[in-house]
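S.K.: Supplied structure: run26.cif, mmCIF, C-alpha atoms and all ligand atoms.
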data_work
#
loop_
_atom_site.group_PDB
_atom_site.id
_atom_site.type_symbol
_atom_site.label_atom_id
_atom_site.label_comp_id
_atom_site.auth_asym_id
_atom_site.auth_seq_id
_atom_site.Cartn_x
_atom_site.Cartn_y
_atom_site.Cartn_z
ATOM 1 C CA MET L 1 -14.279 4.553 -15.988
ATOM 2 C CA GLY L 2 -17.464 4.855 -14.022
ATOM 3 C CA VAL L 3 -17.517 8.628 -14.115
ATOM 4 C CA ASN L 4 -20.181 10.827 -15.569
ATOM 5 C CA LYS L 5 -19.480 11.629 -19.214
ATOM 6 C CA ASN L 6 -19.872 15.300 -18.355
ATOM 7 C CA ASP L 7 -16.823 14.930 -16.087
ATOM 8 C CA ILE L 8 -14.587 13.910 -19.001
ATOM 9 C CA GLN L 9 -13.022 16.601 -21.157
ATOM 10 C CA ASP L 10 -11.273 15.744 -24.420
ATOM 11 C CA LYS L 11 -7.999 17.661 -24.452
ATOM 12 C CA GLY L 12 -6.607 16.248 -27.696
ATOM 13 C CA ALA L 13 -3.721 14.049 -26.564
ATOM 14 C CA TYR L 14 -5.404 13.141 -23.281
ATOM 15 C CA TYR L 15 -8.652 13.138 -21.359
ATOM 16 C CA LEU L 16 -9.079 15.287 -18.255
ATOM 17 C CA VAL L 17 -11.343 13.423 -15.840
ATOM 18 C CA GLN L 18 -13.166 15.135 -12.995
ATOM 19 C CA GLY L 19 -11.062 18.240 -13.424
ATOM 20 C CA ASP L 20 -7.632 16.981 -12.475
ATOM 21 C CA MET L 21 -6.963 13.379 -13.422
ATOM 22 C CA VAL L 22 -5.214 12.971 -16.743
ATOM 23 C CA PHE L 23 -5.611 9.829 -18.810
ATOM 24 C CA ASP L 24 -3.374 9.619 -21.860
ATOM 25 C CA LYS L 25 -5.162 8.446 -24.966
ATOM 26 C CA ASN L 26 -2.244 6.233 -25.934
ATOM 27 C CA LYS L 27 -2.396 4.198 -22.724
ATOM 28 C CA GLU L 28 -4.880 1.556 -21.788
ATOM 29 C CA TYR L 29 -6.757 1.786 -18.527
ATOM 30 C CA SER L 30 -8.772 -1.194 -17.417
ATOM 31 C CA SER L 31 -12.080 -1.176 -15.694
ATOM 32 C CA PRO L 32 -11.924 -2.057 -12.000
ATOM 33 C CA THR L 33 -11.739 -5.798 -11.580
ATOM 34 C CA ASP L 34 -11.556 -6.367 -7.826
ATOM 35 C CA SER L 35 -15.191 -6.990 -7.017
ATOM 36 C CA ASN L 36 -14.330 -7.682 -3.374
ATOM 37 C CA LEU L 37 -13.727 -4.010 -2.872
ATOM 38 C CA SER L 38 -17.320 -3.082 -3.530
ATOM 39 C CA LYS L 39 -19.149 -6.036 -2.005
ATOM 40 C CA GLY L 40 -21.967 -5.183 0.282
ATOM 41 C CA VAL L 41 -21.856 -1.468 -0.343
ATOM 42 C CA SER L 42 -24.731 0.107 -2.178
ATOM 43 C CA SER L 43 -23.833 2.722 -4.734
ATOM 44 C CA LYS L 44 -25.893 5.322 -2.915
ATOM 45 C CA ALA L 45 -24.134 4.734 0.380
ATOM 46 C CA SER L 46 -20.733 4.819 -1.230
ATOM 47 C CA ILE L 47 -20.885 8.149 -3.000
ATOM 48 C CA LEU L 48 -18.518 9.659 -0.464
ATOM 49 C CA LYS L 49 -16.032 6.927 0.212
ATOM 50 C CA GLN L 50 -12.288 6.582 -0.226
ATOM 51 C CA ARG L 51 -11.548 5.138 -3.622
ATOM 52 C CA ARG L 52 -8.576 3.898 -5.499
ATOM 53 C CA THR L 53 -7.583 4.131 -9.126
ATOM 54 C CA ALA L 54 -7.920 1.160 -11.456
ATOM 55 C CA PHE L 55 -4.253 0.216 -11.095
ATOM 56 C CA SER L 56 -2.293 0.088 -7.863
ATOM 57 C CA VAL L 57 1.254 1.168 -7.118
ATOM 58 C CA THR L 58 3.234 -1.937 -6.173
ATOM 59 C CA ILE L 59 6.470 -0.330 -4.976
ATOM 60 C CA ASN L 60 7.000 1.384 -1.613
ATOM 61 C CA ASN L 61 10.116 3.503 -2.085
ATOM 62 C CA ILE L 62 9.248 6.326 -4.427
ATOM 63 C CA ASN L 63 11.557 9.060 -5.709
ATOM 64 C CA ILE L 64 10.157 12.499 -6.432
ATOM 65 C CA PHE L 65 11.835 15.255 -8.443
ATOM 66 C CA LEU L 66 10.747 18.828 -7.858
ATOM 67 C CA ASN L 67 11.244 20.874 -10.982
ATOM 68 C CA PRO L 68 13.706 23.549 -9.850
ATOM 69 C CA GLY L 69 11.931 26.130 -11.986
ATOM 70 C CA MET L 70 9.081 26.291 -9.456
ATOM 71 C CA ASN L 71 9.221 29.166 -7.006
ATOM 72 C CA THR L 72 10.126 28.808 -3.328
ATOM 73 C CA ASN L 73 6.485 28.657 -2.216
ATOM 74 C CA TRP L 74 5.752 25.707 -4.460
ATOM 75 C CA LEU L 75 9.051 23.944 -3.782
ATOM 76 C CA ASN L 76 8.409 24.255 -0.047
ATOM 77 C CA ALA L 77 4.789 23.188 -0.478
ATOM 78 C CA SER L 78 5.911 20.118 -2.405
ATOM 79 C CA ARG L 79 8.385 19.212 0.339
ATOM 80 C CA SER L 80 5.710 19.672 3.001
ATOM 81 C CA ALA L 81 3.299 17.524 1.008
ATOM 82 C CA ILE L 82 5.934 14.787 0.768
ATOM 83 C CA ALA L 83 6.512 15.058 4.534
ATOM 84 C CA ARG L 84 2.771 14.667 5.203
ATOM 85 C CA TRP L 85 2.658 11.545 3.049
ATOM 86 C CA ASN L 86 5.653 10.142 4.912
ATOM 87 C CA ALA L 87 4.024 10.961 8.263
ATOM 88 C CA VAL L 88 1.190 8.524 7.526
ATOM 89 C CA ASN L 89 1.856 5.212 9.228
ATOM 90 C CA SER L 90 2.143 3.215 6.014
ATOM 91 C CA ASN L 91 4.819 1.307 4.128
ATOM 92 C CA LEU L 92 5.255 4.202 1.729
ATOM 93 C CA ASN L 93 8.520 6.152 1.693
ATOM 94 C CA LEU L 94 8.753 9.219 -0.532
ATOM 95 C CA THR L 95 12.208 10.656 -1.141
ATOM 96 C CA GLU L 96 13.165 13.858 -2.921
ATOM 97 C CA VAL L 97 15.736 13.250 -5.644
ATOM 98 C CA PHE L 98 17.554 15.812 -7.699
ATOM 99 C CA SER L 99 17.320 14.486 -11.236
ATOM 100 C CA ALA L 100 14.263 13.731 -13.306
ATOM 101 C CA ALA L 101 15.946 10.572 -14.593
ATOM 102 C CA SER L 102 16.044 8.986 -11.135
ATOM 103 C CA ALA L 103 12.495 10.022 -10.213
ATOM 104 C CA HIS L 104 9.259 8.070 -10.348
ATOM 105 C CA ILE L 105 7.238 11.277 -10.074
ATOM 106 C CA GLN L 106 8.029 14.823 -11.167
ATOM 107 C CA ILE L 107 6.190 17.799 -9.711
ATOM 108 C CA MET L 108 6.212 20.741 -12.108
ATOM 109 C CA TYR L 109 4.213 23.690 -13.340
ATOM 110 C CA ASP L 110 2.015 22.920 -16.321
ATOM 111 C CA THR L 111 3.871 25.764 -18.058
ATOM 112 C CA GLN L 112 7.111 23.746 -17.742
ATOM 113 C CA ASP L 113 5.622 20.923 -19.793
ATOM 114 C CA PRO L 114 5.171 21.652 -23.498
ATOM 115 C CA ASN L 115 2.477 18.982 -23.630
ATOM 116 C CA GLN L 116 0.336 20.384 -20.831
ATOM 117 C CA ALA L 117 -1.738 23.529 -20.437
ATOM 118 C CA LEU L 118 -4.194 23.551 -17.547
ATOM 119 C CA ALA L 119 -7.235 25.768 -17.723
ATOM 120 C CA ALA L 120 -7.276 28.841 -15.464
ATOM 121 C CA ASN L 121 -9.821 27.181 -13.160
ATOM 122 C CA VAL L 122 -7.784 23.994 -12.678
ATOM 123 C CA PHE L 123 -5.372 24.103 -9.727
ATOM 124 C CA GLY L 124 -3.454 20.965 -10.610
ATOM 125 C CA ALA L 125 -3.576 17.640 -12.410
ATOM 126 C CA ALA L 126 -1.909 14.264 -12.125
ATOM 127 C CA LEU L 127 -1.325 11.014 -13.940
ATOM 128 C CA PRO L 128 -2.666 7.886 -12.208
ATOM 129 C CA PRO L 129 -0.710 4.614 -11.949
ATOM 130 C CA THR L 130 -0.731 2.331 -14.959
ATOM 131 C CA LEU L 131 -0.377 -1.411 -15.503
ATOM 132 C CA ASN L 132 3.360 -1.422 -14.632
ATOM 133 C CA GLY L 133 2.744 -0.908 -10.897
ATOM 134 C CA LEU L 134 4.647 2.374 -10.840
ATOM 135 C CA PRO L 135 3.153 5.694 -9.758
ATOM 136 C CA GLY L 136 1.735 8.131 -12.245
ATOM 137 C CA THR L 137 4.775 10.042 -13.456
ATOM 138 C CA ILE L 138 3.708 13.693 -13.237
ATOM 139 C CA THR L 139 1.925 16.101 -10.943
ATOM 140 C CA TRP L 140 1.250 19.406 -12.685
ATOM 141 C CA ILE L 141 0.699 22.568 -10.674
ATOM 142 C CA ASN L 142 -1.035 25.552 -12.209
ATOM 143 C CA PRO L 143 0.753 28.645 -10.843
ATOM 144 C CA ASP L 144 -1.779 30.826 -12.672
ATOM 145 C CA PHE L 145 -4.802 29.380 -10.840
ATOM 146 C CA SER L 146 -6.826 32.413 -9.768
ATOM 147 C CA PHE L 147 -7.258 31.505 -6.120
ATOM 148 C CA PRO L 148 -8.735 34.857 -4.972
ATOM 149 C CA ILE L 149 -11.239 34.908 -7.841
ATOM 150 C CA ILE L 150 -12.211 31.226 -7.706
ATOM 151 C CA CYS L 151 -11.898 30.647 -3.949
ATOM 152 C CA GLY L 152 -12.703 34.131 -2.669
ATOM 153 C CA GLN L 153 -9.564 34.495 -0.548
ATOM 154 C CA ALA L 154 -5.822 34.918 -0.892
ATOM 155 C CA ILE L 155 -3.976 31.647 -1.325
ATOM 156 C CA THR L 156 -2.273 30.274 1.784
ATOM 157 C CA GLN L 157 0.735 28.003 1.947
ATOM 158 C CA ASN L 158 -1.537 25.278 3.295
ATOM 159 C CA ASN L 159 -3.699 25.579 0.163
ATOM 160 C CA ARG L 160 -0.603 24.846 -1.883
ATOM 161 C CA ILE L 161 0.507 21.948 0.330
ATOM 162 C CA ALA L 162 -2.934 20.336 0.382
ATOM 163 C CA ASN L 163 -3.305 20.491 -3.378
ATOM 164 C CA VAL L 164 0.110 18.941 -3.987
ATOM 165 C CA GLN L 165 -0.827 16.243 -1.437
ATOM 166 C CA HIS L 166 -4.026 15.649 -3.397
ATOM 167 C CA GLU L 167 -2.313 15.351 -6.769
ATOM 168 C CA LEU L 168 0.323 13.018 -5.316
ATOM 169 C CA GLY L 169 -2.632 10.961 -4.108
ATOM 170 C CA HIS L 170 -3.655 10.452 -7.738
ATOM 171 C CA ASN L 171 -0.059 9.539 -8.699
ATOM 172 C CA LEU L 172 -0.064 6.982 -5.881
ATOM 173 C CA GLY L 173 -3.392 5.340 -6.608
ATOM 174 C CA LEU L 174 -6.139 7.279 -4.860
ATOM 175 C CA HIS L 175 -9.176 8.374 -6.818
ATOM 176 C CA HIS L 176 -11.625 11.048 -5.744
ATOM 177 C CA THR L 177 -13.436 10.105 -2.548
ATOM 178 C CA ASN L 178 -16.584 11.697 -3.938
ATOM 179 C CA ALA L 179 -16.296 9.968 -7.304
ATOM 180 C CA ILE L 180 -18.915 7.491 -8.398
ATOM 181 C CA GLY L 181 -18.096 4.021 -9.635
ATOM 182 C CA GLU L 182 -14.381 3.792 -8.914
ATOM 183 C CA PRO L 183 -13.075 0.876 -6.794
ATOM 184 C CA LEU L 184 -13.865 1.307 -3.111
ATOM 185 C CA ILE L 185 -11.324 0.982 -0.329
ATOM 186 C CA PRO L 186 -12.453 -1.224 2.590
ATOM 187 C CA ASN L 187 -12.849 0.089 6.120
ATOM 188 C CA THR L 188 -13.612 3.633 5.112
ATOM 189 C CA PRO L 189 -17.009 5.138 5.960
ATOM 190 C CA SER L 190 -19.834 5.886 3.611
ATOM 191 C CA THR L 191 -19.258 9.632 3.830
ATOM 192 C CA ASP L 192 -16.133 11.703 4.371
ATOM 193 C CA PRO L 193 -16.599 15.399 3.644
ATOM 194 C CA GLY L 194 -13.176 16.056 5.230
ATOM 195 C CA SER L 195 -11.311 13.868 2.752
ATOM 196 C CA LEU L 196 -8.302 15.498 1.119
ATOM 197 C CA MET L 197 -9.151 13.395 -1.924
ATOM 198 C CA ASN L 198 -12.570 14.868 -2.609
ATOM 199 C CA GLY L 199 -12.588 16.219 -6.157
ATOM 200 C CA GLY L 200 -13.471 19.761 -7.123
ATOM 201 C CA GLN L 201 -12.620 21.122 -3.676
ATOM 202 C CA ALA L 202 -9.240 22.767 -4.307
ATOM 203 C CA CYS L 203 -10.323 25.829 -2.315
ATOM 204 C CA THR L 204 -11.127 23.948 0.875
ATOM 205 C CA ILE L 205 -9.128 20.700 1.158
ATOM 206 C CA SER L 206 -6.660 20.918 4.034
ATOM 207 C CA ASP L 207 -4.934 17.687 5.025
ATOM 208 C CA PHE L 208 -5.521 13.944 5.206
ATOM 209 C CA SER L 209 -8.634 12.867 7.080
ATOM 210 C CA ASN L 210 -8.419 9.816 9.320
ATOM 211 C CA ASN L 211 -10.109 7.835 6.582
ATOM 212 C CA ASP L 212 -7.659 9.075 3.972
ATOM 213 C CA GLU L 213 -4.919 7.683 6.218
ATOM 214 C CA ARG L 214 -6.838 4.408 6.499
ATOM 215 C CA ALA L 215 -7.074 4.286 2.709
ATOM 216 C CA ILE L 216 -3.321 4.882 2.345
ATOM 217 C CA GLN L 217 -2.627 2.164 4.914
ATOM 218 C CA PHE L 218 -4.837 -0.200 2.900
ATOM 219 C CA LEU L 219 -2.933 0.521 -0.309
ATOM 220 C CA PHE L 220 0.491 0.479 1.378
ATOM 221 C CA PRO L 221 0.171 -1.812 4.397
ATOM 222 C CA ILE L 222 2.944 -2.074 6.931
ATOM 223 C CA PRO L 223 4.333 -5.622 6.926
ATOM 224 C CA ILE L 224 3.190 -7.762 9.837
ATOM 225 C CA PRO L 225 6.050 -7.593 12.344
ATOM 226 C CA VAL L 226 7.962 -10.735 13.206
ATOM 227 C CA LEU L 227 7.299 -11.627 16.805
ATOM 228 C CA THR L 228 10.051 -11.582 19.374
ATOM 229 C CA PRO L 229 11.407 -14.923 20.610
ATOM 230 C CA SER L 230 9.927 -14.530 24.054
ATOM 231 C CA SER L 231 6.400 -14.554 22.698
ATOM 232 C CA MET L 232 6.694 -17.966 21.075
ATOM 233 C CA THR L 233 6.780 -21.307 22.812
ATOM 234 C CA LEU L 234 7.188 -24.860 21.636
ATOM 235 C CA ASN L 235 5.089 -27.073 23.821
ATOM 236 C CA THR L 236 6.289 -30.307 25.347
ATOM 237 C CA GLN L 237 5.805 -33.237 23.072
ATOM 238 C CA GLN L 238 2.393 -34.800 23.291
ATOM 239 C CA PRO L 239 1.546 -38.475 22.626
ATOM 240 C CA GLY L 240 1.935 -39.319 18.985
ATOM 241 C CA GLY L 241 4.763 -36.878 18.385
ATOM 242 C CA LEU L 242 2.410 -33.936 18.443
ATOM 243 C CA PHE L 243 3.644 -30.403 19.221
ATOM 244 C CA THR L 244 1.772 -27.175 19.454
ATOM 245 C CA VAL L 245 3.241 -23.804 18.539
ATOM 246 C CA THR L 246 1.591 -21.007 20.455
ATOM 247 C CA GLY L 247 1.944 -17.299 20.028
ATOM 248 C CA THR L 248 0.004 -14.373 18.759
ATOM 249 C CA GLY L 249 0.270 -14.917 15.074
ATOM 250 C CA PRO L 250 0.459 -14.807 12.275
ATOM 251 C CA VAL L 251 4.164 -15.319 12.279
ATOM 252 C CA THR L 252 6.166 -17.521 10.010
ATOM 253 C CA VAL L 253 8.607 -19.846 11.705
ATOM 254 C CA THR L 254 11.005 -22.439 10.474
ATOM 255 C CA LEU L 255 11.302 -25.795 12.161
ATOM 256 C CA SER L 256 14.344 -28.001 11.870
ATOM 257 C CA GLY L 257 14.587 -31.510 13.118
ATOM 258 C CA GLY L 258 17.462 -33.449 14.604
ATOM 259 C CA ALA L 259 19.123 -36.351 12.828
ATOM 260 C CA GLY L 260 16.619 -38.645 11.243
ATOM 261 C CA ILE L 261 13.562 -36.750 12.385
ATOM 262 C CA PHE L 262 10.734 -35.837 10.094
ATOM 263 C CA LEU L 263 8.236 -33.098 10.619
ATOM 264 C CA HIS L 264 4.699 -32.890 9.393
ATOM 265 C CA ASP L 265 2.463 -29.853 9.409
ATOM 266 C CA GLY L 266 -0.604 -31.934 10.180
ATOM 267 C CA ILE L 267 -2.368 -30.693 7.076
ATOM 268 C CA GLY L 268 -0.898 -32.814 4.321
ATOM 269 C CA GLY L 269 2.001 -32.915 1.967
ATOM 270 C CA SER L 270 5.416 -34.375 2.402
ATOM 271 C CA PHE L 271 7.314 -35.168 5.553
ATOM 272 C CA LEU L 272 10.152 -32.671 5.724
ATOM 273 C CA THR L 273 13.035 -31.653 7.926
ATOM 274 C CA THR L 274 11.968 -28.025 7.799
ATOM 275 C CA LEU L 275 8.525 -26.477 7.707
ATOM 276 C CA ASN L 276 7.286 -22.963 7.363
ATOM 277 C CA LEU L 277 4.293 -22.553 9.641
ATOM 278 C CA THR L 278 2.053 -19.818 10.817
ATOM 279 C CA ALA L 279 1.392 -19.675 14.542
ATOM 280 C CA PRO L 280 -0.692 -20.739 16.276
ATOM 281 C CA THR L 281 -0.489 -24.180 14.752
ATOM 282 C CA THR L 282 0.131 -27.822 15.463
ATOM 283 C CA PHE L 283 2.743 -30.048 13.906
ATOM 284 C CA SER L 284 4.048 -33.557 14.410
ATOM 285 C CA ALA L 285 7.549 -34.970 14.721
ATOM 286 C CA TYR L 286 8.319 -38.535 13.761
ATOM 287 C CA GLY L 287 11.564 -40.333 14.554
ATOM 288 C CA PRO L 288 13.330 -43.023 12.539
ATOM 289 C CA SER L 289 12.878 -46.694 13.271
ATOM 290 C CA ILE L 290 15.563 -48.708 15.032
ATOM 291 C CA GLY L 291 18.295 -49.591 12.594
ATOM 292 C CA SER L 292 17.232 -47.101 9.933
ATOM 293 C CA PRO L 293 19.524 -44.287 8.810
ATOM 294 C CA GLY L 294 19.458 -41.473 11.323
ATOM 295 C CA TYR L 295 18.425 -43.586 14.293
ATOM 296 C CA ASN L 296 20.305 -42.200 17.275
ATOM 297 C CA GLY L 297 19.106 -44.238 20.195
ATOM 298 C CA GLY L 298 15.574 -42.967 20.246
ATOM 299 C CA ILE L 299 16.289 -39.332 20.860
ATOM 300 C CA SER L 300 15.980 -36.456 18.391
ATOM 301 C CA TYR L 301 15.530 -32.744 18.787
ATOM 302 C CA VAL L 302 13.178 -30.272 17.215
ATOM 303 C CA THR L 303 13.848 -26.581 17.241
ATOM 304 C CA LEU L 304 11.586 -23.697 16.520
ATOM 305 C CA SER L 305 13.353 -20.768 14.928
ATOM 306 C CA ASN L 306 12.507 -17.440 13.513
ATOM 307 C CA PRO L 307 14.242 -16.093 10.376
ATOM 308 C CA THR L 308 15.311 -12.893 12.116
ATOM 309 C CA SER L 309 15.740 -14.038 15.706
ATOM 310 C CA GLY L 310 17.339 -17.461 15.491
ATOM 311 C CA ILE L 311 16.289 -20.348 17.712
ATOM 312 C CA ILE L 312 13.221 -19.538 19.777
ATOM 313 C CA SER L 313 12.622 -22.839 21.483
ATOM 314 C CA SER L 314 13.770 -26.434 21.374
ATOM 315 C CA SER L 315 12.383 -29.689 22.600
ATOM 316 C CA THR L 316 13.560 -33.266 22.869
ATOM 317 C CA VAL L 317 11.731 -35.936 20.959
ATOM 318 C CA TYR L 318 11.831 -39.431 22.426
ATOM 319 C CA HIS L 319 10.710 -42.240 20.255
ATOM 320 C CA SER L 320 10.791 -45.879 21.058
ATOM 321 C CA ASN L 321 9.977 -47.597 17.795
HETATM 322 ZN ZN ZN Z 1 -8.189 15.206 -7.967
#
Turn this file's structure into structure tokens for me.
Ligand SMILES: [Zn+2]
M.R.:
Amino acid sequence: MGVNKNDIQDKGAYYLVQGDMVFDKNKEYSSPTDSNLSKGVSSKASILKQRRTAFSVTINNINIFLNPGMNTNWLNASRSAIARWNAVNSNLNLTEVFSAASAHIQIMYDTQDPNQALAANVFGAALPPTLNGLPGTITWINPDFSFPIICGQAITQNNRIANVQHELGHNLGLHHTNAIGEPLIPNTPSTDPGSLMNGGQACTISDFSNNDERAIQFLFPIPIPVLTPSSMTLNTQQPGGLFTVTGTGPVTVTLSGGAGIFLHDGIGGSFLTTLNLTAPTTFSAYGPSIGSPGYNGGISYVTLSNPTSGIISSSTVYHSN
């Protein structure tokens, strides 16, 4: 896993890694395979860098069940943690549901799970995602964590919120920022002492850092918006049936030709009556020969349309052959 062996505790049915990540012994976890994520970053420079778990969550709408046996402080903290996740500008949408059966993740006390018993010095633990692309299924909270003894102060509601946020981070595919050897997330700096996802810092973590938010946006990117019609133009036909689509791409457009017209993306492949292109790009329109099916007196039309906005632009194609 790329962690120090001293960070792995054998708990019988599972391993506890770096204090709060639980790996079941009956599940397989692969080694990181995406070498692109660590290119050009030396291991020394990347000790404090946002990291992801071996498997990623591939869904965006995630249901969370809060075990109703938790007290009001923890229920409220869990709801605040969910709200902070939803406040990040990502494609992730966490929703509280009211049955365990309809949930992807359950937040509960370790004492509510007969298979879990966290040590007194462990604030929480979480399952990471597995091969199926779904989140890790449980965040455990330790209501008996001795915050005043271990952290030297009375627990605050923000301590609770931040630690639930952190454990949900493991469920959703974030590893410890200060871990060594786990897959790196691009566009995060070489150090981030303010990261909510630093391990072993239950007393002091507070909220997402800017780089935590960047990491979440990398894992759950917002889809590229489809451009509005006014920002796309279909240029006047050039010699040789050549058109140019301009616009600030990428945007996927669909082209449809008039009777008998054929379109070509200029790259290769078949001549078609519709093409999916990414702007800016150039395509060609070819008309039918005189007397061939579809010949309509030398005039055809090409339209540029957008799947959500309809026709953006149209142009007449004159051909004399
Ligand atoms: Zn952790």
S.K.: Using 12 Å as the limit and counting all atoms listed in the file, can you tabulate each residue of chain L that touches ligand ZN 1 (chain Z), with its shortest atom-to-atom distance in Å and the two atoms involved, as JSON lines?
M.R.:
{"residue": "L:Asp7", "atom": "CA", "partner": "Z:ZN1", "partner_atom": "ZN", "distance": 11.9}
{"residue": "L:Leu16", "atom": "CA", "partner": "Z:ZN1", "partner_atom": "ZN", "distance": 10.3}
{"residue": "L:Val17", "atom": "CA", "partner": "Z:ZN1", "partner_atom": "ZN", "distance": 8.7}
{"residue": "L:Gln18", "atom": "CA", "partner": "Z:ZN1", "partner_atom": "ZN", "distance": 7.1}
{"residue": "L:Gly19", "atom": "CA", "partner": "Z:ZN1", "partner_atom": "ZN", "distance": 6.9}
{"residue": "L:Asp20", "atom": "CA", "partner": "Z:ZN1", "partner_atom": "ZN", "distance": 4.9}
{"residue": "L:Met21", "atom": "CA", "partner": "Z:ZN1", "partner_atom": "ZN", "distance": 5.9}
{"residue": "L:Val22", "atom": "CA", "partner": "Z:ZN1", "partner_atom": "ZN", "distance": 9.5}
{"residue": "L:Arg51", "atom": "CA", "partner": "Z:ZN1", "partner_atom": "ZN", "distance": 11.5}
{"residue": "L:Arg52", "atom": "CA", "partner": "Z:ZN1", "partner_atom": "ZN", "distance": 11.6}
{"residue": "L:Thr53", "atom": "CA", "partner": "Z:ZN1", "partner_atom": "ZN", "distance": 11.2}
{"residue": "L:Val122", "atom": "CA", "partner": "Z:ZN1", "partner_atom": "ZN", "distance": 10.0}
{"residue": "L:Phe123", "atom": "CA", "partner": "Z:ZN1", "partner_atom": "ZN", "distance": 9.5}
{"residue": "L:Gly124", "atom": "CA", "partner": "Z:ZN1", "partner_atom": "ZN", "distance": 7.9}
{"residue": "L:Ala125", "atom": "CA", "partner": "Z:ZN1", "partner_atom": "ZN", "distance": 6.9}
{"residue": "L:Ala126", "atom": "CA", "partner": "Z:ZN1", "partner_atom": "ZN", "distance": 7.6}
{"residue": "L:Leu127", "atom": "CA", "partner": "Z:ZN1", "partner_atom": "ZN", "distance": 10.0}
{"residue": "L:Pro128", "atom": "CA", "partner": "Z:ZN1", "partner_atom": "ZN", "distance": 10.1}
{"residue": "L:Thr139", "atom": "CA", "partner": "Z:ZN1", "partner_atom": "ZN", "distance": 10.6}
{"residue": "L:Trp140", "atom": "CA", "partner": "Z:ZN1", "partner_atom": "ZN", "distance": 11.4}
{"residue": "L:Ile141", "atom": "CA", "partner": "Z:ZN1", "partner_atom": "ZN", "distance": 11.9}
{"residue": "L:Ala162", "atom": "CA", "partner": "Z:ZN1", "partner_atom": "ZN", "distance": 11.1}
{"residue": "L:Asn163", "atom": "CA", "partner": "Z:ZN1", "partner_atom": "ZN", "distance": 8.5}
{"residue": "L:Val164", "atom": "CA", "partner": "Z:ZN1", "partner_atom": "ZN", "distance": 9.9}
{"residue": "L:Gln165", "atom": "CA", "partner": "Z:ZN1", "partner_atom": "ZN", "distance": 9.9}
{"residue": "L:His166", "atom": "CA", "partner": "Z:ZN1", "partner_atom": "ZN", "distance": 6.2}
{"residue": "L:Glu167", "atom": "CA", "partner": "Z:ZN1", "partner_atom": "ZN", "distance": 6.0}
{"residue": "L:Leu168", "atom": "CA", "partner": "Z:ZN1", "partner_atom": "ZN", "distance": 9.2}
{"residue": "L:Gly169", "atom": "CA", "partner": "Z:ZN1", "partner_atom": "ZN", "distance": 8.0}
{"residue": "L:His170", "atom": "CA", "partner": "Z:ZN1", "partner_atom": "ZN", "distance": 6.6}
{"residue": "L:Asn171", "atom": "CA", "partner": "Z:ZN1", "partner_atom": "ZN", "distance": 9.9}
{"residue": "L:Leu172", "atom": "CA", "partner": "Z:ZN1", "partner_atom": "ZN", "distance": 11.7}
{"residue": "L:Gly173", "atom": "CA", "partner": "Z:ZN1", "partner_atom": "ZN", "distance": 11.1}
{"residue": "L:Leu174", "atom": "CA", "partner": "Z:ZN1", "partner_atom": "ZN", "distance": 8.8}
{"residue": "L:His175", "atom": "CA", "partner": "Z:ZN1", "partner_atom": "ZN", "distance": 7.0}
{"residue": "L:His176", "atom": "CA", "partner": "Z:ZN1", "partner_atom": "ZN", "distance": 5.8}
{"residue": "L:Thr177", "atom": "CA", "partner": "Z:ZN1", "partner_atom": "ZN", "distance": 9.1}
{"residue": "L:Asn178", "atom": "CA", "partner": "Z:ZN1", "partner_atom": "ZN", "distance": 10.0}
{"residue": "L:Ala179", "atom": "CA", "partner": "Z:ZN1", "partner_atom": "ZN", "distance": 9.7}
{"residue": "L:Ser195", "atom": "CA", "partner": "Z:ZN1", "partner_atom": "ZN", "distance": 11.2}
{"residue": "L:Leu196", "atom": "CA", "partner": "Z:ZN1", "partner_atom": "ZN", "distance": 9.1}
{"residue": "L:Met197", "atom": "CA", "partner": "Z:ZN1", "partner_atom": "ZN", "distance": 6.4}
{"residue": "L:Asn198", "atom": "CA", "partner": "Z:ZN1", "partner_atom": "ZN", "distance": 6.9}
{"residue": "L:Gly199", "atom": "CA", "partner": "Z:ZN1", "partner_atom": "ZN", "distance": 4.9}
{"residue": "L:Gly200", "atom": "CA", "partner": "Z:ZN1", "partner_atom": "ZN", "distance": 7.0}
{"residue": "L:Gln201", "atom": "CA", "partner": "Z:ZN1", "partner_atom": "ZN", "distance": 8.5}
{"residue": "L:Ala202", "atom": "CA", "partner": "Z:ZN1", "partner_atom": "ZN", "distance": 8.5}
{"residue": "L:Ile205", "atom": "CA", "partner": "Z:ZN1", "partner_atom": "ZN", "distance": 10.7}
S.K.: Tell me, in Å to one decimal, how far atom CA of L:Thr58 is from atom CA of L:Met70.
M.R.: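 Between atom CA of L:Thr58 and atom CA of L:Met70 the gap works out to 29.0 Å.
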S.K.: Selection in question (the file shown): the PyMOL selection byres (((chain L and resi 95) around 8) and not hetatm). Which residues does it include, as a PyMOL selection string?
M.R.: chain L and resi 61-64+82+93-94+96-97
S.K.: Using all atoms listed in the file, which of L:Gly266, L:Leu66, L:Leu92, L:Arg79 sits nearest L:Phe218?
M.R.: L:Leu92
S.K.: For the atom pair atom CA of L:Thr274 and atom CA of L:Phe262, what is the interatomic distance in Å to one decimal place?
M.R.: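 According to the coordinates, atom CA of L:Thr274 and atom CA of L:Phe262 are separated by 8.2 Å.
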S.K.: Between atom CA of L:Arg84 and atom CA of L:Asn158, what is the spacing in Å?
M.R.: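 About the pair atom CA of L:Asn158 and atom CA of L:Arg84: they are 11.6 Å apart.
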S.K.: Select, from L:Thr204, L:Pro221, L:Gln112, L:Thr278, the residue with the minimum atom-to-atom distance to L:Gln153, counting only C-alpha atoms.
M.R.: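 Using only C-alpha atoms, L:Gln153 sits closest to L:Thr204.
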S.K.: On this structure, which residues satisfy the PyMOL selection byres (((chain L and resi 211) around 10) and not hetatm), written as a PyMOL selection string?
M.R.: chain L and resi 49-50+177+185+187-189+191-192+194-196+208-210+212-217
